[in-house]
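Below: input.cif (mmCIF, C-alpha atoms)
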```cif
data_input
loop_
_atom_site.label_atom_id
_atom_site.label_comp_id
_atom_site.auth_asym_id
_atom_site.auth_seq_id
_atom_site.Cartn_x
_atom_site.Cartn_y
_atom_site.Cartn_z
CA MET A 1 -75.88 -181.72 -88.76
CA THR A 2 -76.43 -177.98 -88.26
CA ALA A 3 -80.06 -176.88 -88.09
CA PRO A 4 -81.13 -174.53 -90.90
CA PRO A 5 -81.44 -170.87 -89.89
CA THR A 6 -84.84 -169.58 -88.91
CA ARG A 7 -86.70 -167.03 -90.98
CA GLU A 8 -85.93 -164.39 -88.34
CA GLN A 9 -82.21 -165.18 -88.47
CA VAL A 10 -82.16 -164.92 -92.25
CA ARG A 11 -83.97 -161.59 -92.12
CA ARG A 12 -81.54 -160.25 -89.51
CA TRP A 13 -78.43 -161.52 -91.34
CA ARG A 14 -79.60 -160.01 -94.60
CA GLY A 15 -80.02 -156.65 -92.85
CA TYR A 16 -76.50 -156.86 -91.45
CA LEU A 17 -75.17 -157.80 -94.88
CA ALA A 18 -76.85 -154.83 -96.54
CA ASP A 19 -75.54 -152.41 -93.92
CA GLU A 20 -71.98 -153.74 -94.16
CA ARG A 21 -72.03 -153.36 -97.94
CA ALA A 22 -73.44 -149.85 -97.75
CA GLU A 23 -70.99 -148.70 -95.07
CA ALA A 24 -68.08 -150.09 -97.08
CA ALA A 25 -69.36 -148.09 -100.05
CA VAL A 26 -69.55 -144.94 -97.90
CA TYR A 27 -65.94 -145.39 -96.78
CA ARG A 28 -64.84 -145.86 -100.39
CA ASP A 29 -66.78 -142.75 -101.45
CA LEU A 30 -65.07 -140.73 -98.73
CA ALA A 31 -61.67 -142.17 -99.66
CA SER A 32 -62.14 -141.08 -103.27
CA ARG A 33 -62.29 -137.47 -102.02
CA ARG A 34 -59.21 -137.73 -99.80
CA THR A 35 -55.48 -138.08 -100.33
CA GLY A 36 -52.57 -139.35 -98.28
CA PRO A 37 -52.99 -141.26 -94.99
CA ASP A 38 -56.69 -140.42 -94.63
CA ARG A 39 -57.45 -142.11 -97.94
CA ASP A 40 -55.52 -145.23 -96.93
CA ILE A 41 -57.28 -145.39 -93.56
CA LEU A 42 -60.73 -145.10 -95.13
CA LEU A 43 -59.94 -147.82 -97.68
CA GLU A 44 -58.76 -150.15 -94.91
CA LEU A 45 -62.00 -149.50 -93.03
CA ALA A 46 -63.91 -150.43 -96.20
CA GLU A 47 -61.85 -153.62 -96.44
CA ALA A 48 -62.70 -154.48 -92.83
CA GLU A 49 -66.40 -153.99 -93.54
CA GLY A 50 -65.87 -156.36 -96.47
CA ARG A 51 -64.67 -159.07 -94.06
CA HIS A 52 -67.83 -158.63 -92.01
CA GLU A 53 -69.87 -158.80 -95.21
CA GLN A 54 -68.26 -162.13 -96.07
CA HIS A 55 -69.18 -163.53 -92.64
CA TRP A 56 -72.88 -162.93 -93.29
CA LEU A 57 -72.59 -164.23 -96.84
CA ASP A 58 -71.13 -167.49 -95.52
CA LEU A 59 -74.01 -167.88 -93.05
CA LEU A 60 -76.70 -166.99 -95.58
CA GLY A 61 -75.46 -169.19 -98.41
CA GLU A 62 -77.79 -168.89 -101.38
CA ALA A 63 -80.03 -166.45 -99.51
CA GLY A 64 -77.16 -163.95 -99.55
CA GLU A 65 -77.21 -163.78 -103.33
CA ARG A 66 -80.61 -162.08 -103.42
CA PRO A 67 -80.83 -158.27 -103.18
CA THR A 68 -80.92 -157.07 -99.60
CA PRO A 69 -82.71 -153.93 -98.35
CA VAL A 70 -80.52 -151.18 -96.92
CA SER A 71 -81.64 -149.42 -93.74
CA PRO A 72 -82.73 -145.76 -94.10
CA ARG A 73 -79.84 -144.70 -91.82
CA THR A 74 -77.22 -146.35 -94.00
CA ARG A 75 -78.91 -145.06 -97.16
CA LEU A 76 -78.68 -141.52 -95.74
CA LEU A 77 -74.99 -142.01 -95.01
CA GLY A 78 -74.37 -143.00 -98.61
CA LEU A 79 -76.31 -140.01 -99.93
CA LEU A 80 -74.40 -137.56 -97.71
CA ALA A 81 -71.05 -139.11 -98.60
CA ARG A 82 -71.75 -138.69 -102.32
CA ARG A 83 -73.02 -135.12 -101.93
CA PHE A 84 -70.76 -133.69 -99.24
CA GLY A 85 -67.98 -136.00 -98.04
CA SER A 86 -67.60 -133.74 -95.00
CA VAL A 87 -67.15 -133.91 -91.27
CA PHE A 88 -70.93 -134.38 -90.98
CA VAL A 89 -70.66 -137.76 -92.68
CA LEU A 90 -67.78 -138.84 -90.44
CA ALA A 91 -69.78 -137.77 -87.39
CA LEU A 92 -72.73 -139.87 -88.58
CA LEU A 93 -70.40 -142.82 -89.24
CA GLN A 94 -68.96 -142.46 -85.76
CA ARG A 95 -72.44 -142.73 -84.28
CA ALA A 96 -73.28 -145.65 -86.57
CA GLU A 97 -70.18 -147.58 -85.50
CA SER A 98 -70.89 -146.86 -81.81
CA ARG A 99 -74.38 -148.39 -82.14
CA SER A 100 -73.17 -151.67 -83.61
CA PRO A 101 -75.51 -154.55 -82.62
CA TYR A 102 -72.78 -157.19 -82.81
CA GLU A 103 -72.01 -157.25 -79.08
CA ASP A 104 -75.50 -158.64 -78.44
CA GLU A 105 -75.62 -160.73 -81.61
CA ASP A 106 -74.91 -164.42 -81.01
CA ASP A 107 -74.27 -165.04 -84.70
CA ALA A 108 -71.52 -162.41 -84.92
CA THR A 109 -68.01 -163.24 -83.80
CA PRO A 110 -66.37 -161.45 -80.83
CA GLN A 111 -63.76 -160.14 -83.28
CA MET A 112 -66.48 -158.42 -85.33
CA ALA A 113 -67.82 -156.64 -82.24
CA ALA A 114 -64.30 -155.55 -81.33
CA ASP A 115 -63.71 -154.35 -84.89
CA GLU A 116 -66.73 -152.05 -84.73
CA ARG A 117 -65.48 -150.46 -81.51
CA ILE A 118 -62.07 -149.86 -83.07
CA HIS A 119 -63.74 -148.46 -86.17
CA GLU A 120 -65.59 -145.98 -83.95
CA GLU A 121 -62.29 -144.71 -82.52
CA VAL A 122 -60.67 -144.49 -85.96
CA VAL A 123 -63.59 -142.50 -87.37
CA ARG A 124 -63.65 -140.34 -84.23
CA SER A 125 -60.02 -139.40 -84.87
CA LEU A 126 -60.69 -138.60 -88.53
CA ALA A 127 -63.74 -136.53 -87.60
CA MET A 128 -61.76 -134.73 -84.89
CA ARG A 129 -59.55 -133.09 -87.52
CA GLY A 130 -62.58 -131.69 -89.29
CA ARG A 131 -64.12 -130.57 -86.01
CA ASN A 132 -60.92 -128.72 -85.15
CA ARG A 133 -60.93 -126.96 -88.51
CA ILE A 134 -64.49 -125.67 -88.11
CA SER A 135 -64.62 -125.29 -84.32
CA GLY A 136 -64.01 -121.51 -84.19
CA THR A 137 -66.48 -120.51 -86.89
CA PHE A 138 -68.95 -123.23 -85.90
CA ARG A 139 -68.94 -122.06 -82.27
CA ALA A 140 -69.73 -118.51 -83.41
CA ALA A 141 -72.43 -119.76 -85.79
CA VAL A 142 -74.21 -121.89 -83.18
CA PHE A 143 -73.89 -119.25 -80.49
CA GLY A 144 -75.05 -116.51 -82.87
CA ALA A 145 -78.06 -118.44 -84.20
CA ASN A 146 -79.25 -119.51 -80.77
CA ASP A 147 -78.72 -116.06 -79.30
CA GLY A 148 -80.69 -114.54 -82.17
CA LEU A 149 -83.52 -117.04 -81.81
CA VAL A 150 -83.87 -116.76 -78.05
CA SER A 151 -83.15 -113.05 -77.53
CA ASN A 152 -85.46 -111.84 -80.29
CA LEU A 153 -88.22 -114.28 -79.35
CA ALA A 154 -87.97 -113.04 -75.77
CA LEU A 155 -87.97 -109.43 -76.99
CA VAL A 156 -90.97 -109.91 -79.28
CA LEU A 157 -92.98 -111.86 -76.72
CA GLY A 158 -92.16 -109.41 -73.94
CA VAL A 159 -93.18 -106.35 -75.96
CA GLY A 160 -96.26 -108.11 -77.32
CA ALA A 161 -97.36 -109.26 -73.86
CA ALA A 162 -96.97 -105.69 -72.58
CA GLY A 163 -99.76 -104.65 -74.95
CA ALA A 164 -97.86 -103.16 -77.91
CA ASP A 165 -99.59 -103.24 -81.30
CA PRO A 166 -98.23 -105.63 -83.98
CA GLY A 167 -96.51 -102.83 -85.92
CA LEU A 168 -94.50 -101.78 -82.90
CA VAL A 169 -93.65 -105.40 -82.13
CA LEU A 170 -92.32 -105.82 -85.68
CA VAL A 171 -90.22 -102.63 -85.50
CA THR A 172 -88.87 -103.72 -82.13
CA GLY A 173 -87.96 -107.14 -83.53
CA ILE A 174 -86.16 -105.63 -86.53
CA ALA A 175 -84.26 -103.25 -84.25
CA GLY A 176 -83.31 -106.16 -82.02
CA LEU A 177 -82.10 -108.13 -85.05
CA LEU A 178 -79.85 -105.34 -86.32
CA ALA A 179 -78.54 -104.28 -82.92
CA GLY A 180 -77.86 -107.84 -81.82
CA ALA A 181 -76.22 -108.93 -85.08
CA LEU A 182 -73.91 -105.91 -85.19
CA SER A 183 -73.05 -106.30 -81.51
CA MET A 184 -72.36 -110.02 -81.91
CA GLY A 185 -70.19 -109.48 -84.98
CA ALA A 186 -68.15 -106.73 -83.37
CA GLY A 187 -67.81 -108.62 -80.11
CA GLU A 188 -66.65 -111.80 -81.80
CA TYR A 189 -64.13 -109.90 -83.92
CA VAL A 190 -62.57 -108.30 -80.84
CA SER A 191 -62.74 -111.54 -78.85
CA VAL A 192 -61.06 -113.72 -81.48
CA SER A 193 -58.47 -111.05 -82.33
CA SER A 194 -57.54 -110.80 -78.66
CA GLN A 195 -57.41 -114.57 -78.27
CA ARG A 196 -55.13 -114.99 -81.26
CA GLU A 197 -52.87 -112.19 -80.00
CA LEU A 198 -52.60 -113.87 -76.61
CA LEU A 199 -51.73 -117.19 -78.27
CA ALA A 200 -49.17 -115.51 -80.49
CA ALA A 201 -47.56 -113.86 -77.46
CA SER A 202 -47.06 -117.31 -75.94
CA SER A 203 -45.62 -118.89 -79.11
CA PRO A 204 -41.93 -119.78 -79.17
CA SER A 205 -39.73 -117.03 -80.62
CA PRO A 206 -37.58 -118.18 -83.58
CA GLN A 207 -34.84 -115.81 -82.44
CA SER A 208 -34.79 -117.39 -78.98
CA ALA A 209 -34.65 -120.86 -80.49
CA ARG A 210 -31.63 -119.91 -82.60
CA ALA A 211 -29.96 -118.28 -79.60
CA LEU A 212 -29.96 -121.60 -77.77
CA THR A 213 -27.17 -122.80 -80.05
CA ARG A 214 -24.90 -119.86 -79.14
CA ILE A 215 -25.15 -119.87 -75.36
CA ASP A 216 -22.10 -119.95 -73.16
CA PHE A 217 -23.46 -121.25 -69.91
CA ASP A 218 -24.44 -124.46 -68.21
CA GLU A 219 -26.56 -126.99 -70.08
CA ASN A 220 -29.13 -127.19 -67.25
CA GLU A 221 -30.21 -123.60 -67.91
CA VAL A 222 -30.98 -124.57 -71.49
CA ALA A 223 -33.13 -127.32 -70.10
CA LEU A 224 -35.20 -124.71 -68.27
CA VAL A 225 -36.50 -123.46 -71.63
CA PHE A 226 -37.88 -126.89 -72.41
CA ARG A 227 -39.19 -127.46 -68.87
CA ALA A 228 -41.07 -124.14 -69.03
CA ARG A 229 -42.75 -125.46 -72.17
CA GLY A 230 -44.10 -128.47 -70.33
CA MET A 231 -41.39 -131.13 -70.69
CA GLY A 232 -40.43 -133.31 -67.76
CA GLU A 233 -37.03 -132.74 -66.17
CA ALA A 234 -35.34 -135.80 -67.66
CA GLU A 235 -36.81 -135.18 -71.12
CA ALA A 236 -35.81 -131.49 -71.00
CA GLU A 237 -32.23 -132.37 -70.08
CA ARG A 238 -31.99 -134.81 -72.98
CA ALA A 239 -33.36 -132.16 -75.36
CA ALA A 240 -30.90 -129.56 -74.07
CA HIS A 241 -28.01 -131.98 -74.41
CA GLU A 242 -29.00 -132.70 -78.01
CA VAL A 243 -29.21 -128.96 -78.83
CA LEU A 244 -25.70 -128.34 -77.57
CA ARG A 245 -24.38 -131.46 -79.26
CA VAL A 246 -25.68 -130.78 -82.78
CA GLN A 247 -25.60 -126.94 -82.55
CA GLU A 248 -28.92 -126.64 -84.40
CA ALA A 249 -31.92 -124.56 -83.44
CA PRO A 250 -34.61 -126.85 -81.99
CA SER A 251 -38.34 -126.83 -82.56
CA LEU A 252 -39.69 -125.68 -79.22
CA PRO A 253 -42.93 -127.30 -78.01
CA ALA A 254 -45.89 -125.43 -79.48
CA ASN A 255 -49.00 -124.14 -77.74
CA GLU A 256 -51.66 -126.64 -76.80
CA VAL A 257 -54.30 -124.56 -78.62
CA ASP A 258 -53.85 -124.11 -82.34
CA VAL A 259 -54.91 -120.68 -83.59
CA GLU A 260 -56.68 -122.41 -86.48
CA THR A 261 -59.17 -123.94 -84.03
CA VAL A 262 -59.99 -120.43 -82.81
CA GLY A 263 -60.90 -119.14 -86.26
CA THR A 264 -60.05 -115.91 -88.05
CA PRO A 265 -61.48 -112.70 -86.58
CA LEU A 266 -63.25 -111.68 -89.80
CA GLY A 267 -64.59 -115.18 -90.51
CA VAL A 268 -65.93 -115.60 -86.98
CA ALA A 269 -67.39 -112.08 -86.94
CA LEU A 270 -69.20 -112.53 -90.27
CA SER A 271 -70.43 -115.98 -89.23
CA SER A 272 -71.72 -114.64 -85.93
CA PHE A 273 -73.42 -111.66 -87.62
CA ALA A 274 -75.09 -113.78 -90.30
CA PHE A 275 -76.29 -116.52 -87.99
CA PHE A 276 -77.54 -114.12 -85.32
CA ALA A 277 -79.48 -112.23 -87.98
CA SER A 278 -80.93 -115.43 -89.44
CA GLY A 279 -81.92 -116.64 -85.96
CA ALA A 280 -83.40 -113.29 -84.96
CA LEU A 281 -85.43 -113.18 -88.18
CA VAL A 282 -87.40 -116.31 -87.27
CA PRO A 283 -89.48 -114.84 -84.38
CA ILE A 284 -90.59 -111.83 -86.44
CA LEU A 285 -91.64 -113.79 -89.54
CA PRO A 286 -95.30 -114.05 -88.40
CA TYR A 287 -95.43 -110.28 -87.91
CA LEU A 288 -93.82 -109.68 -91.31
CA PHE A 289 -96.67 -111.63 -92.90
CA GLY A 290 -99.37 -109.73 -91.01
CA ALA A 291 -100.12 -112.06 -88.08
CA SER A 292 -100.99 -110.56 -84.72
CA GLY A 293 -102.15 -111.43 -81.23
CA VAL A 294 -102.10 -114.99 -79.95
CA LEU A 295 -101.65 -116.42 -83.45
CA ALA A 296 -98.43 -114.45 -84.00
CA VAL A 297 -97.12 -115.49 -80.59
CA ALA A 298 -97.90 -119.15 -81.23
CA LEU A 299 -96.35 -119.09 -84.71
CA ALA A 300 -93.22 -117.31 -83.48
CA ALA A 301 -92.78 -119.75 -80.62
CA GLY A 302 -93.38 -122.74 -82.89
CA LEU A 303 -90.90 -121.61 -85.56
CA VAL A 304 -88.25 -120.84 -82.96
CA GLY A 305 -88.85 -124.22 -81.34
CA ILE A 306 -88.23 -126.02 -84.64
CA ALA A 307 -85.06 -124.00 -85.22
CA LEU A 308 -83.79 -124.70 -81.68
CA LEU A 309 -84.40 -128.43 -82.12
CA ALA A 310 -82.52 -128.38 -85.43
CA SER A 311 -79.52 -126.49 -84.07
CA GLY A 312 -79.35 -128.74 -81.02
CA ALA A 313 -79.43 -131.83 -83.23
CA VAL A 314 -76.57 -130.47 -85.37
CA VAL A 315 -74.49 -129.77 -82.27
CA GLY A 316 -75.17 -133.28 -81.02
CA LEU A 317 -74.23 -134.75 -84.38
CA LEU A 318 -70.90 -132.95 -84.66
CA SER A 319 -69.97 -133.53 -81.02
CA GLY A 320 -70.87 -137.22 -81.13
CA ALA A 321 -73.47 -136.73 -78.37
CA PRO A 322 -77.10 -137.96 -78.51
CA MET A 323 -78.83 -135.66 -80.98
CA LEU A 324 -82.28 -135.89 -79.36
CA LEU A 325 -80.97 -134.93 -75.93
CA ARG A 326 -79.01 -131.97 -77.32
CA ALA A 327 -82.05 -130.85 -79.31
CA LEU A 328 -84.32 -130.99 -76.26
CA ARG A 329 -81.73 -129.15 -74.18
CA GLN A 330 -81.63 -126.29 -76.69
CA LEU A 331 -85.42 -126.17 -76.78
CA LEU A 332 -85.89 -126.09 -73.00
CA ILE A 333 -83.23 -123.43 -72.45
CA GLY A 334 -84.61 -121.22 -75.22
CA TYR A 335 -88.23 -121.58 -74.18
CA GLY A 336 -87.33 -121.03 -70.55
CA ALA A 337 -85.66 -117.69 -71.26
CA ALA A 338 -88.50 -116.55 -73.54
CA ALA A 339 -91.16 -117.60 -71.04
CA VAL A 340 -89.62 -115.47 -68.28
CA THR A 341 -89.67 -112.39 -70.54
CA TYR A 342 -93.24 -113.11 -71.64
CA VAL A 343 -94.44 -113.33 -68.04
CA LEU A 344 -92.67 -110.06 -67.20
CA GLY A 345 -94.38 -108.42 -70.19
CA LEU A 346 -97.77 -109.61 -68.95
CA ALA A 347 -96.97 -108.23 -65.51
CA PHE A 348 -96.04 -104.81 -66.94
CA ASN A 349 -99.22 -104.80 -69.01
CA ALA A 350 -101.35 -105.68 -66.00
CA ALA A 351 -99.69 -102.93 -63.98
CA GLY A 352 -100.34 -100.41 -66.75
CA ILE A 353 -96.64 -99.59 -67.17
#
```

Since I need it in another form, could you write the structure as structure tokens?
Amino acid sequence: MTAPPTREQVRRWRGYLADERAEAAVYRDLASRRTGPDRDILLELAEAEGRHEQHWLDLLGEAGERPTPVSPRTRLLGLLARRFGSVFVLALLQRAESRSPYEDEDDATPQMAADERIHEEVVRSLAMRGRNRISGTFRAAVFGANDGLVSNLALVLGVGAAGADPGLVLVTGIAGLLAGALSMGAGEYVSVSSQRELLAASSPSPQSARALTRIDFDENEVALVFRARGMGEAEAERAAHEVLRVQEAPSLPANEVDVETVGTPLGVALSSFAFFASGALVPILPYLFGASGVLAVALAAGLVGIALLASGAVVGLLSGAPMLLRALRQLLIGYGAAAVTYVLGLAFNAAGI
């Protein structure tokens, strides 16, 4: 006769049951906002979570019929799925699946632990499409915000440490905000335009593809076109043979980098301008509200620190990396740069420059 479960086991099983139910609901919520293969994949993930749910129901028996508390993490996932249904939710789900406790849980089956690992990879692939769509603009946004935060904090602290009065510090900060935002926007526009032009110059020419069907020379030279695009020799020869056999223009292998992942020049420029300006505004907020001296410095540094932690956490979330480590990395780099400028300002002040 099997011994009845302990109170601790029941508590743990009920937690697993609640999380499985909630995650299945999140997948269904996301599926309701998708079409095509993505919708089918999300529904199948929800069905798999339902199998795990049934496992815990079987173990719990009557105890599984009572309401079970949902963890704050899973509750947040459900809230975000209902409000946004975006790549942020998929990134959170990816992290949730990667932290599955089933590998160390004696009461879970090995198949359940394996399922969670596979779910992580499935969600990673779904999230990757969203990451690719936002990567160009997101890169400019993160870079712009962090550059604005760090550069203007360094500028404000350096000028303040050199002995400038609060009014001059504020004017300097505003000038730094405008100059930096305009420079970032213009630079990103030129950079992305140039990158897209370079990619376009490397794209297969439709005219060249059509010409392949009208050539009058050896098949192996046709194969060179495919080999130059990255195909192996045997694969290129088969492709060339097929072109000459069917006399139809082929689809030449495309570039490895999709221009959509780079972003549009105007979109990236506006994103960079806006986020640099919003980041650069943070260090001068204390001066805008009349603070001065050590209080203004402390408030500026504290506000920038919070913003750096937040931006680092978002980067960690979307990249699937540990959010705390990415947040601390952003904070240390930003504070390090600002501290160097502040010390130089003190040195100039002491020297009477």

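Between CA of Asp106 in chain A and CA of Ile41 in chain A there is a distance of 28.8 Å.
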
Q | Selected residue of minimal separation from Gly316 in chain A among A:Leu328, A:Ala48, A:Ala162, A:Ala298, counting only C-alpha atoms | A |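 Answer, going by the shortest atom-to-atom distance: A:Leu328.
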
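When only C-alpha atoms are used to compute distances to Ala291 in chain A, the closest of the residues A:Ala339, A:Pro322, A:Leu182, A:Leu170 turns out to be A:Leu170.
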
**Q.** Separation of CA of Glu8 in chain A from CA of Glu62 in chain A in Å
**A.**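 Spanning CA of Glu62 in chain A to CA of Glu8 in chain A is a straight-line distance of 16.0 Å.
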
Could you give me, as a tab-separated table, every range 86-166 of chain A residue with an atom at most 12 Å from range 9-24 of chain A, plus its closest atom pair and distance in Å to one decimal, counting only C-alpha atoms, rows ordered by chain then number?
```
residue	atom	partner	partner_atom	distance
A:Val89	CA	A:Glu23	CA	11.2
A:Leu90	CA	A:Glu23	CA	11.4
A:Leu92	CA	A:Glu23	CA	11.1
A:Leu93	CA	A:Glu23	CA	8.3
A:Gln94	CA	A:Glu23	CA	11.4
A:Ala96	CA	A:Glu23	CA	9.3
A:Glu97	CA	A:Glu23	CA	9.7
A:Ser100	CA	A:Tyr16	CA	10.0
A:Pro101	CA	A:Tyr16	CA	9.2
A:Tyr102	CA	A:Tyr16	CA	9.4
A:Glu105	CA	A:Arg12	CA	9.9
A:Asp106	CA	A:Gln9	CA	10.5
A:Asp107	CA	A:Trp13	CA	8.6
A:Ala108	CA	A:Trp13	CA	9.5
A:Met112	CA	A:Glu20	CA	11.4
A:Glu116	CA	A:Glu20	CA	10.9
A:His119	CA	A:Glu23	CA	11.5
```

Q | One-decimal distance in Å that lies between CA of Arg329 in chain A and CA of Leu299 in chain A | A |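 Distance reported for this atom pair: 20.6 Å.
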